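> Below is the file structure_16.tsv, with TSV, C-alpha atoms and all ligand atoms.
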chain	number	residue	atom	x	y	z
A	1	MET	CA	56.56	-29.00	8.49
A	2	PRO	CA	58.23	-31.95	10.28
A	3	ARG	CA	58.37	-35.25	8.42
A	4	ALA	CA	55.56	-37.69	9.13
A	5	MET	CA	57.92	-40.68	9.12
A	6	SER	CA	59.29	-39.78	12.49
A	7	VAL	CA	55.97	-39.55	14.33
A	8	SER	CA	55.75	-42.16	17.02
A	9	GLN	CA	52.51	-43.38	18.46
A	10	GLU	CA	53.68	-42.14	21.81
A	11	SER	CA	54.20	-38.57	20.63
A	12	LEU	CA	50.81	-38.59	18.91
A	13	VAL	CA	49.03	-39.87	22.02
A	14	SER	CA	50.77	-37.19	24.02
A	15	ALA	CA	49.89	-34.40	21.57
A	16	LEU	CA	46.24	-35.45	21.41
A	17	SER	CA	46.07	-35.81	25.18
A	18	ASP	CA	47.22	-32.23	25.61
A	19	VAL	CA	44.15	-30.84	23.88
A	20	VAL	CA	41.91	-29.20	26.46
A	21	ASP	CA	38.16	-29.75	26.74
A	22	PRO	CA	36.88	-26.15	26.87
A	23	VAL	CA	33.76	-27.04	28.88
A	24	VAL	CA	35.53	-28.34	31.97
A	25	ASN	CA	38.94	-26.93	31.16
A	26	LYS	CA	40.73	-30.24	31.51
A	27	ARG	CA	43.19	-32.07	29.26
A	28	LEU	CA	41.71	-34.94	27.26
A	29	GLY	CA	44.51	-37.04	28.72
A	30	GLU	CA	43.30	-36.36	32.23
A	31	LEU	CA	39.74	-37.11	31.12
A	32	LYS	CA	40.95	-40.40	29.57
A	33	SER	CA	39.10	-39.39	26.42
A	34	ILE	CA	41.62	-40.55	23.80
A	35	ARG	CA	41.49	-44.18	22.71
A	36	GLU	CA	42.57	-46.48	19.92
A	37	VAL	CA	45.36	-44.34	18.54
A	38	SER	CA	47.21	-45.73	15.54
A	39	ILE	CA	49.40	-44.43	12.73
A	40	GLU	CA	49.66	-45.79	9.22
A	41	GLY	CA	52.00	-43.86	6.95
A	42	ASP	CA	50.96	-40.22	7.24
A	43	THR	CA	47.43	-41.03	8.39
A	44	ALA	CA	46.52	-41.34	12.05
A	45	ARG	CA	43.41	-42.77	13.62
A	46	ALA	CA	41.96	-42.14	17.04
A	47	THR	CA	38.76	-42.28	19.00
A	48	VAL	CA	37.76	-39.39	21.24
A	49	ASP	CA	35.11	-39.71	23.95
A	50	LEU	CA	33.36	-36.41	24.43
A	51	LEU	CA	31.65	-35.32	27.62
A	52	SER	CA	28.43	-34.53	25.79
A	53	PRO	CA	27.02	-34.61	22.28
A	54	ALA	CA	26.92	-30.78	22.14
A	55	SER	CA	28.28	-29.91	18.73
A	56	GLY	CA	29.85	-26.58	19.69
A	57	SER	CA	32.35	-28.14	22.05
A	58	ARG	CA	32.67	-31.15	19.75
A	59	ASP	CA	33.73	-29.01	16.79
A	60	ALA	CA	36.24	-27.10	18.89
A	61	ILE	CA	37.82	-30.29	20.20
A	62	VAL	CA	37.88	-32.00	16.80
A	63	LYS	CA	39.57	-28.95	15.30
A	64	ALA	CA	42.16	-28.82	18.08
A	65	LEU	CA	42.91	-32.55	17.66
A	66	GLU	CA	43.32	-32.16	13.91
A	67	ASP	CA	45.64	-29.21	14.44
A	68	ALA	CA	47.69	-31.20	16.95
A	69	ALA	CA	48.10	-34.08	14.49
A	70	ALA	CA	48.97	-31.69	11.65
A	71	LYS	CA	51.62	-30.04	13.81
A	72	LEU	CA	53.37	-33.39	14.09
A	73	GLY	CA	53.38	-33.58	10.31
A	74	LEU	CA	50.56	-36.05	9.88
A	75	LYS	CA	48.45	-35.48	6.78
A	76	ARG	CA	45.20	-36.88	8.08
A	77	LEU	CA	43.57	-37.66	11.38
A	78	GLU	CA	40.61	-39.97	11.08
A	79	LEU	CA	38.63	-39.41	14.24
A	80	THR	CA	35.86	-41.52	15.60
A	81	VAL	CA	33.80	-39.32	17.84
A	82	ALA	CA	31.97	-40.98	20.70
A	83	SER	CA	30.18	-39.52	23.66
A	84	ALA	CA	30.67	-40.60	27.22
A	85	VAL	CA	28.21	-38.44	29.10
A	86	ARG	CA	29.14	-38.36	32.77
A	87	THR	CA	26.85	-39.47	35.56
A	88	ARG	CA	25.27	-37.51	38.40
A	89	GLN	CA	25.76	-38.70	41.98
A	90	ILE	CA	24.03	-42.05	42.45
A	91	ALA	CA	23.30	-43.27	45.95
A	92	GLY	CA	22.76	-46.94	46.85
A	93	ASP	CA	18.98	-46.49	46.89
A	94	ASP	CA	18.77	-44.45	43.70
A	95	PRO	CA	15.59	-45.46	41.85
A	96	CYS	CA	17.14	-45.24	38.38
A	97	PRO	CA	20.91	-45.71	38.56
A	98	GLU	CA	21.20	-46.29	34.80
A	99	VAL	CA	19.91	-42.81	34.12
A	100	LYS	CA	23.02	-40.65	33.99
A	101	ASN	CA	21.32	-37.30	34.31
A	102	VAL	CA	17.93	-36.27	35.65
A	103	ILE	CA	16.87	-32.79	34.64
A	104	PRO	CA	13.58	-31.38	35.92
A	105	VAL	CA	12.10	-28.55	33.87
A	106	MET	CA	10.32	-26.32	36.32
A	107	SER	CA	8.64	-23.01	36.93
A	108	GLY	CA	6.57	-21.53	39.67
A	109	LYS	CA	3.94	-20.77	37.11
A	110	GLY	CA	1.65	-22.65	34.76
A	111	GLY	CA	1.30	-21.81	31.09
A	112	VAL	CA	4.84	-20.48	30.67
A	113	GLY	CA	5.73	-23.35	28.35
A	114	LYS	CA	7.37	-25.91	30.64
A	115	SER	CA	5.98	-28.85	28.72
A	116	THR	CA	6.84	-27.24	25.39
A	117	VAL	CA	10.39	-26.57	26.54
A	118	ALA	CA	10.76	-30.04	28.09
A	119	ALA	CA	9.56	-31.81	24.94
A	120	ASN	CA	11.64	-29.74	22.54
A	121	LEU	CA	14.81	-29.90	24.62
A	122	ALA	CA	14.42	-33.67	24.97
A	123	LEU	CA	14.12	-34.02	21.19
A	124	ALA	CA	16.99	-31.63	20.52
A	125	LEU	CA	19.29	-33.65	22.80
A	126	LEU	CA	18.11	-36.86	21.17
A	127	ARG	CA	18.77	-35.52	17.70
A	128	SER	CA	22.31	-34.63	18.71
A	129	GLY	CA	22.93	-38.31	19.38
A	130	ALA	CA	22.12	-38.75	23.07
A	131	ARG	CA	19.87	-41.38	24.65
A	132	VAL	CA	16.96	-39.45	26.11
A	133	GLY	CA	13.80	-40.06	28.10
A	134	LEU	CA	10.92	-37.70	28.85
A	135	LEU	CA	8.95	-38.20	32.03
A	136	ASP	CA	5.72	-36.32	32.33
A	137	ALA	CA	5.62	-35.70	36.06
A	138	ASP	CA	2.78	-33.21	35.72
A	139	ILE	CA	0.36	-35.62	37.27
A	140	TYR	CA	-2.36	-32.98	37.56
A	141	GLY	CA	-2.29	-31.95	33.92
A	142	PRO	CA	-0.24	-34.31	31.77
A	143	SER	CA	0.35	-32.75	28.36
A	144	VAL	CA	3.18	-34.91	27.08
A	145	PRO	CA	0.82	-37.44	25.42
A	146	THR	CA	-0.73	-34.64	23.33
A	147	MET	CA	2.54	-32.88	22.61
A	148	LEU	CA	4.27	-36.06	21.50
A	149	GLY	CA	1.17	-37.43	19.81
A	150	ILE	CA	1.31	-40.67	21.69
A	151	MET	CA	-1.31	-42.58	23.63
A	152	GLY	CA	-1.48	-46.19	24.67
A	153	ARG	CA	-1.12	-48.44	27.60
A	154	PRO	CA	2.45	-49.32	28.52
A	155	ILE	CA	3.07	-53.03	28.88
A	156	SER	CA	5.43	-55.00	31.06
A	157	ARG	CA	7.60	-57.64	29.44
A	158	ASP	CA	8.95	-59.16	32.60
A	159	GLY	CA	6.03	-58.56	34.94
A	160	LYS	CA	8.20	-56.18	36.97
A	161	LEU	CA	9.13	-53.15	34.93
A	162	ILE	CA	6.77	-51.10	32.76
A	163	GLU	CA	8.08	-50.38	29.27
A	164	PRO	CA	8.04	-46.69	28.40
A	165	LEU	CA	6.33	-45.77	25.14
A	166	GLU	CA	8.58	-44.57	22.37
A	167	ARG	CA	8.24	-41.84	19.76
A	168	PHE	CA	10.93	-40.44	17.47
A	169	GLY	CA	13.34	-42.60	19.50
A	170	LEU	CA	12.43	-40.77	22.71
A	171	LYS	CA	11.40	-42.92	25.68
A	172	ILE	CA	8.27	-41.49	27.21
A	173	MET	CA	6.22	-42.09	30.32
A	174	SER	CA	3.19	-40.13	31.47
A	175	ILE	CA	0.43	-40.54	33.99
A	176	GLY	CA	-1.77	-39.86	30.98
A	177	PHE	CA	-0.92	-43.34	29.67
A	178	LEU	CA	-2.30	-44.92	32.82
A	179	LEU	CA	-5.57	-43.03	33.19
A	180	GLU	CA	-8.74	-44.77	32.02
A	181	ASP	CA	-9.85	-41.65	30.26
A	182	ALA	CA	-7.47	-38.89	29.22
A	183	ARG	CA	-10.02	-36.27	30.31
A	184	GLN	CA	-10.16	-37.72	33.79
A	185	SER	CA	-8.70	-35.40	36.39
A	186	VAL	CA	-6.29	-36.59	38.99
A	187	ILE	CA	-7.06	-35.72	42.58
A	188	TRP	CA	-4.14	-37.04	44.51
A	189	ARG	CA	-2.72	-36.40	47.90
A	190	GLY	CA	0.88	-36.38	48.97
A	191	PRO	CA	1.48	-40.09	49.62
A	192	MET	CA	-0.14	-41.13	46.33
A	193	ILE	CA	1.98	-38.64	44.44
A	194	GLN	CA	5.09	-39.97	46.09
A	195	GLY	CA	4.11	-43.49	45.13
A	196	ALA	CA	3.40	-42.56	41.53
A	197	LEU	CA	6.63	-40.66	41.06
A	198	GLN	CA	8.63	-43.41	42.69
A	199	GLN	CA	7.07	-45.88	40.26
A	200	PHE	CA	7.81	-43.69	37.29
A	201	LEU	CA	11.46	-43.55	38.25
A	202	LYS	CA	11.97	-47.02	39.60
A	203	ASP	CA	9.48	-49.30	37.86
A	204	VAL	CA	9.89	-48.00	34.33
A	205	ALA	CA	12.38	-49.78	32.08
A	206	TRP	CA	14.24	-46.62	31.09
A	207	GLY	CA	17.39	-48.56	30.32
A	208	LYS	CA	20.62	-46.62	29.89
A	209	LEU	CA	19.86	-42.95	29.35
A	210	ASP	CA	22.17	-39.96	29.07
A	211	TYR	CA	19.39	-37.53	29.96
A	212	LEU	CA	15.97	-37.96	31.53
A	213	ILE	CA	13.98	-34.75	31.18
A	214	LEU	CA	11.17	-34.27	33.67
A	215	ASP	CA	8.19	-32.11	32.93
A	216	LEU	CA	7.20	-30.96	36.42
A	217	PRO	CA	3.84	-29.48	37.41
A	218	PRO	CA	3.83	-25.75	38.18
A	219	GLY	CA	4.70	-24.53	41.62
A	220	THR	CA	6.88	-25.68	44.42
A	221	GLY	CA	4.70	-28.54	45.50
A	222	ASP	CA	4.84	-32.18	46.47
A	223	VAL	CA	6.07	-33.49	43.17
A	224	ALA	CA	9.29	-31.46	43.13
A	225	LEU	CA	9.93	-32.12	46.82
A	226	THR	CA	9.39	-35.83	46.43
A	227	LEU	CA	11.67	-35.95	43.43
A	228	PHE	CA	14.48	-34.16	45.22
A	229	GLN	CA	14.19	-36.57	48.13
A	230	LYS	CA	14.21	-39.69	45.99
A	231	LEU	CA	17.34	-38.98	44.01
A	232	LYS	CA	20.10	-36.54	43.24
A	233	VAL	CA	18.97	-34.64	40.20
A	234	THR	CA	21.72	-33.19	38.03
A	235	GLY	CA	20.02	-29.81	38.18
A	236	GLY	CA	16.87	-27.98	37.23
A	237	VAL	CA	16.00	-25.87	34.23
A	238	ILE	CA	13.81	-22.89	35.10
A	239	VAL	CA	11.33	-21.64	32.51
A	240	THR	CA	9.98	-18.12	32.63
A	241	THR	CA	8.33	-15.56	30.41
A	242	PRO	CA	9.63	-11.99	30.18
A	243	GLN	CA	6.87	-10.17	32.05
A	244	ASP	CA	7.05	-9.08	35.66
A	245	VAL	CA	3.93	-10.80	36.95
A	246	ALA	CA	5.28	-14.16	35.90
A	247	LEU	CA	8.50	-13.55	37.70
A	248	MET	CA	7.31	-13.60	41.31
A	249	ASP	CA	6.23	-17.22	40.98
A	250	VAL	CA	9.41	-18.16	39.22
A	251	TYR	CA	11.56	-16.70	42.01
A	252	LYS	CA	9.87	-19.13	44.37
A	253	SER	CA	10.94	-22.18	42.40
A	254	VAL	CA	14.48	-20.83	42.28
A	255	SER	CA	14.42	-20.36	46.05
A	256	MET	CA	13.14	-23.87	46.57
A	257	CYS	CA	16.03	-25.31	44.58
A	258	GLN	CA	18.49	-23.20	46.52
A	259	LYS	CA	17.04	-24.25	49.88
A	260	LEU	CA	17.21	-27.91	48.90
A	261	ASN	CA	20.68	-27.62	47.39
A	262	VAL	CA	19.48	-28.47	43.93
A	263	PRO	CA	21.73	-26.87	41.31
A	264	ILE	CA	20.06	-24.67	38.72
A	265	LEU	CA	21.55	-25.47	35.35
A	266	GLY	CA	20.06	-22.49	33.59
A	267	VAL	CA	17.06	-20.37	32.73
A	268	VAL	CA	14.99	-20.45	29.54
A	269	GLU	CA	12.98	-17.37	28.63
A	270	ASN	CA	9.98	-18.53	26.62
A	271	MET	CA	7.56	-16.40	24.57
A	272	SER	CA	10.34	-13.92	24.72
A	273	HIS	CA	9.49	-11.82	21.68
A	274	PHE	CA	7.54	-11.92	18.46
A	275	ILE	CA	9.26	-11.81	15.09
A	276	ASP	CA	6.96	-10.39	12.40
A	277	SER	CA	6.93	-11.35	8.74
A	278	ALA	CA	9.44	-8.59	7.97
A	279	GLY	CA	11.82	-10.11	10.53
A	280	VAL	CA	11.34	-7.29	13.04
A	281	LYS	CA	11.46	-8.25	16.70
A	282	HIS	CA	8.65	-7.08	19.01
A	283	GLU	CA	9.02	-7.46	22.75
A	284	ILE	CA	5.30	-7.67	23.39
A	285	PHE	CA	5.59	-9.08	26.90
A	286	GLY	CA	8.33	-6.74	28.07
A	287	ARG	CA	11.94	-7.69	28.39
A	288	GLY	CA	14.65	-8.81	30.71
A	289	GLY	CA	12.66	-11.36	32.75
A	290	GLY	CA	14.91	-14.26	31.85
A	291	ALA	CA	18.06	-12.29	32.59
A	292	ARG	CA	16.72	-11.19	35.98
A	293	ILE	CA	15.79	-14.71	36.99
A	294	ALA	CA	19.17	-15.97	35.78
A	295	GLU	CA	20.94	-13.37	37.86
A	296	PHE	CA	18.86	-14.23	40.91
A	297	ALA	CA	19.51	-17.95	40.36
A	298	LYS	CA	23.23	-17.33	39.69
A	299	ALA	CA	22.79	-19.47	36.60
A	300	PRO	CA	23.18	-18.78	32.90
A	301	LEU	CA	20.33	-17.60	30.69
A	302	LEU	CA	20.36	-20.55	28.30
A	303	GLY	CA	18.38	-18.72	25.66
A	304	GLN	CA	15.17	-17.13	24.50
A	305	ILE	CA	12.37	-18.74	22.51
A	306	PRO	CA	10.21	-16.44	20.40
A	307	ILE	CA	6.45	-16.62	20.55
A	308	ASP	CA	5.41	-18.29	17.33
A	309	SER	CA	2.10	-19.91	16.50
A	310	LEU	CA	4.04	-22.78	14.87
A	311	VAL	CA	5.33	-23.77	18.31
A	312	ARG	CA	1.78	-24.13	19.59
A	313	GLU	CA	0.39	-25.72	16.43
A	314	TRP	CA	3.07	-28.39	16.24
A	315	GLY	CA	2.71	-29.02	19.96
A	316	ASP	CA	-1.03	-29.48	19.57
A	317	ASN	CA	-0.40	-31.77	16.61
A	318	GLY	CA	1.87	-34.12	18.48
A	319	THR	CA	5.18	-33.34	16.79
A	320	PRO	CA	7.23	-30.70	18.64
A	321	ILE	CA	8.70	-28.08	16.35
A	322	VAL	CA	12.29	-29.27	16.83
A	323	GLN	CA	11.23	-32.51	15.15
A	324	ALA	CA	8.67	-31.10	12.73
A	325	GLN	CA	10.52	-28.05	11.43
A	326	PRO	CA	14.11	-28.30	12.65
A	327	ASN	CA	15.25	-25.34	10.57
A	328	SER	CA	12.63	-22.89	11.81
A	329	ILE	CA	13.71	-20.01	14.03
A	330	PRO	CA	12.10	-21.39	17.24
A	331	ALA	CA	13.56	-24.87	16.58
A	332	LYS	CA	17.03	-23.40	16.16
A	333	ALA	CA	16.59	-21.51	19.43
A	334	PHE	CA	15.67	-24.77	21.18
A	335	LYS	CA	18.67	-26.51	19.66
A	336	GLU	CA	21.07	-23.82	20.85
A	337	ILE	CA	19.57	-24.03	24.32
A	338	ALA	CA	19.96	-27.81	24.32
A	339	GLU	CA	23.64	-27.39	23.36
A	340	ARG	CA	24.29	-24.99	26.20
A	341	LEU	CA	22.30	-27.18	28.55
A	342	ALA	CA	24.42	-30.23	27.67
A	343	ASP	CA	27.55	-28.28	28.60
A	344	CYS	CA	25.95	-27.02	31.82
A	345	VAL	CA	25.05	-30.61	32.69
A	346	THR	CA	28.68	-31.64	32.21
A	347	ARG	CA	29.93	-28.85	34.45
A	348	ALA	CA	27.30	-29.58	37.11
A	349	VAL	CA	28.25	-33.25	37.17
A	350	PHE	CA	31.93	-32.43	37.55
A	351	GLU	CA	31.13	-30.00	40.33
A	352	ALA	CA	28.91	-32.51	42.12
A	353	HIS	CA	31.78	-35.00	42.08
A	354	GLY	CA	34.27	-32.42	43.30
A	355	GLY	CA	35.94	-31.70	39.97
A	356	SER	CA	36.15	-35.11	38.34
A	357	ALA	CA	33.46	-37.43	37.02
A	358	PRO	CA	33.18	-41.18	36.64
A	359	VAL	CA	33.05	-42.65	33.17
A	360	ASP	CA	31.09	-45.63	32.09
A	361	GLY	CA	30.91	-47.19	28.66
A	362	PRO	CA	31.07	-44.59	25.90
A	363	LYS	CA	28.47	-44.57	23.18
A	364	ARG	CA	29.46	-44.05	19.61
A	365	LEU	CA	27.87	-40.95	18.16
A	366	PRO	CA	26.12	-41.20	14.82
A	367	ILE	CA	28.18	-38.32	13.49
A	368	LEU	CA	31.60	-39.46	12.33
A	369	ARG	CA	34.33	-37.31	11.00
A	401	LIG	N1	7.15	-20.07	22.29
A	401	LIG	C1	5.86	-20.31	22.13
A	401	LIG	N2	5.15	-19.75	21.12
A	401	LIG	C2	3.83	-19.98	20.97
A	401	LIG	N3	3.10	-20.77	21.78
A	401	LIG	C3	3.74	-21.35	22.81
A	401	LIG	C4	5.14	-21.17	23.04
A	401	LIG	N4	5.49	-21.89	24.14
A	401	LIG	C5	4.37	-22.51	24.56
A	401	LIG	N5	3.31	-22.18	23.78
A	401	LIG	C6	1.92	-22.64	23.93
A	401	LIG	O1	1.46	-22.13	25.19
A	401	LIG	C7	0.62	-23.09	25.83
A	401	LIG	C8	1.18	-23.43	27.21
A	401	LIG	O2	2.41	-24.11	27.05
A	401	LIG	P1	2.78	-25.38	27.94
A	401	LIG	O3	4.08	-25.88	27.44
A	401	LIG	O4	1.66	-26.35	28.01
A	401	LIG	O5	2.98	-24.64	29.34
A	401	LIG	P2	3.10	-25.26	30.82
A	401	LIG	O6	3.58	-26.65	30.69
A	401	LIG	O7	4.08	-24.36	31.51
A	401	LIG	O8	1.76	-25.15	31.45
A	401	LIG	C9	0.54	-24.27	24.89
A	401	LIG	O9	-0.60	-24.16	24.10
A	401	LIG	C10	1.79	-24.13	24.04
A	401	LIG	O10	1.64	-24.70	22.75
A	402	MG	MG	2.73	-28.42	31.31
For this file, write the structure as structure tokens.

Amino acid sequence: MPRAMSVSQESLVSALSDVVDPVVNKRLGELKSIREVSIEGDTARATVDLLSPASGSRDAIVKALEDAAAKLGLKRLELTVASAVRTRQIAGDDPCPEVKNVIPVMSGKGGVGKSTVAANLALALLRSGARVGLLDADIYGPSVPTMLGIMGRPISRDGKLIEPLERFGLKIMSIGFLLEDARQSVIWRGPMIQGALQQFLKDVAWGKLDYLILDLPPGTGDVALTLFQKLKVTGGVIVTTPQDVALMDVYKSVSMCQKLNVPILGVVENMSHFIDSAGVKHEIFGRGGGARIAEFAKAPLLGQIPIDSLVREWGDNGTPIVQAQPNSIPAKAFKEIAERLADCVTRAVFEAHGGSAPVDGPKRLPILR
């Protein structure tokens, strides 16, 4: 092993910069991810800005950095891990330029678990250290207030922007908060929908967010179209169930995205199978639906969520399972999907910017090592 004495700051910076981010396959040097490098005796310190809070890629990068420092003969590398999530394309008239990524969760079909997936993915991303908002854009049947156990009338502090409500640290807005009576139904026509969605994006004080997850109504209707016209979304997440009948409707939402040049980040297969008390898997709704949609969408299958009464019960009780029982099997499935999604977001952003991606202020992650 070479002697630590001889390690110069320059050679350390260079060694750390040569580590490659596996998600975008670029050197950390090129990504300008390495900061605040110093050496004291045989201990080095550095800060690394990651492209997302996904822990899989984080662990791989941290390991590679530690190996690089060890190779130079340094005994310890004290890393501060920060995240600097990259930003989608923002036009001059973008309604929410501080929101780095907008991710609609969609499906041609109702009842497949869009709201469940949207709420749990939002919480999983939040729990990994990101700043996250959840916008209930299902103006015909808002279920976010129930699922997140939150009701109340949002206020405005400055008379201009409406403050989102907050639960578990998640910023939340729903048409349900604005209705006189939660049981009231919303009969809206195109222009009103456009106005409402515009307000939710533009007139809500979202602040700086890494990810804004949108729970879209089923189908390929006005809400999705309006959204895609108002801003550049990072990409959509398609939710499906395994059975054939569900699929026809789901294909339509994939086609809509493709026609409108909206990237599809990935597919989630929900209610994918049932795991009995002996741990045996039963594919009660058939199999392969998620994979078929993913193939059709030319997007990855992000994962499969089992059907589990706990998912429904916790949803009905206002604490999504990822928050309520983070170590349960469905919660772990959601967390893995959120990890993969974060990496897909990173790749989509790089692609949208032609292979690079602008950085703005990094945010220190709660996890230090
Ligand atoms: N994986 C699952 N296991 C059990 N129940 C689920 C699962 N996913 C969703 N549900 C339940 O199915 C119903 C419909 O889900 P929801 O998320 O409201 O669908 P959508 O938003 O697509 O209409 C809800 O009662 C929800 O709790
Ligand atoms: Mg819903």
> Given a cut-off of 8 Å, what residues near ligand LIG 401 (chain A) show up using all atoms listed in the file, put as a PyMOL selection string?
chain A and resi 107+109-118+143+215+217-218+239+270-272+305-316+330
> Please determine, counting all atoms listed in the file, which residue among A:Glu166, A:Glu78, A:Asp59, A:Glu98 has the shortest atom-to-atom distance to Asp42 in chain A.
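Using all atoms listed in the file, Asp42 in chain A sits closest to A:Glu78.
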> Residues within 10 Å of Ala352 in chain A, please, as a PDB file with C-alpha atoms, keeping the file's coordinate frame. Count only C-alpha atoms; anything in the same chain fewer than 5 positions from it doesn't count.

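Wrote it out as out15.pdb, contents follow:
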ATOM      1  CA  THR A  87      26.850 -39.470  35.560  1.00  0.00           C
ATOM      2  CA  ARG A  88      25.270 -37.510  38.400  1.00  0.00           C
ATOM      3  CA  GLN A  89      25.760 -38.700  41.980  1.00  0.00           C
ATOM      4  CA  LYS A 232      20.100 -36.540  43.240  1.00  0.00           C
ATOM      5  CA  THR A 234      21.720 -33.190  38.030  1.00  0.00           C
ATOM      6  CA  PRO A 263      21.730 -26.870  41.310  1.00  0.00           C
ATOM      7  CA  THR A 346      28.680 -31.640  32.210  1.00  0.00           C
ATOM      8  CA  ARG A 347      29.930 -28.850  34.450  1.00  0.00           C
ATOM      9  CA  ALA A 357      33.460 -37.430  37.020  1.00  0.00           C
TER      10      ALA A 357
END
> Fewer than 6 positions away in the same chain doesn't count, so skip those; otherwise give me all residues within 10 Å of Asp210 in chain A, counting all atoms listed in the file, as JSON, numbers by chain.
{"A": [52, 53, 83, 84, 85, 86, 87, 98, 99, 100, 101, 102, 125, 126, 129, 130, 131, 132, 133, 363]}
> Counting all atoms listed in the file, figure out which residue out of A:Val267, A:Val144, A:Ala291, A:Ala299 gets nearest to ligand MG 402 (chain A).
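Among the listed residues, A:Val144 lies closest to ligand MG 402 (chain A).
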> Would you mind reading off the distance between CA of Pro22 in chain A and CA of Arg58 in chain A, one decimal, in Å?
9.7 Å
> Work out how far apart CA of Ile34 in chain A and CA of Gly56 in chain A are and give it in Å to one decimal.
18.7 Å
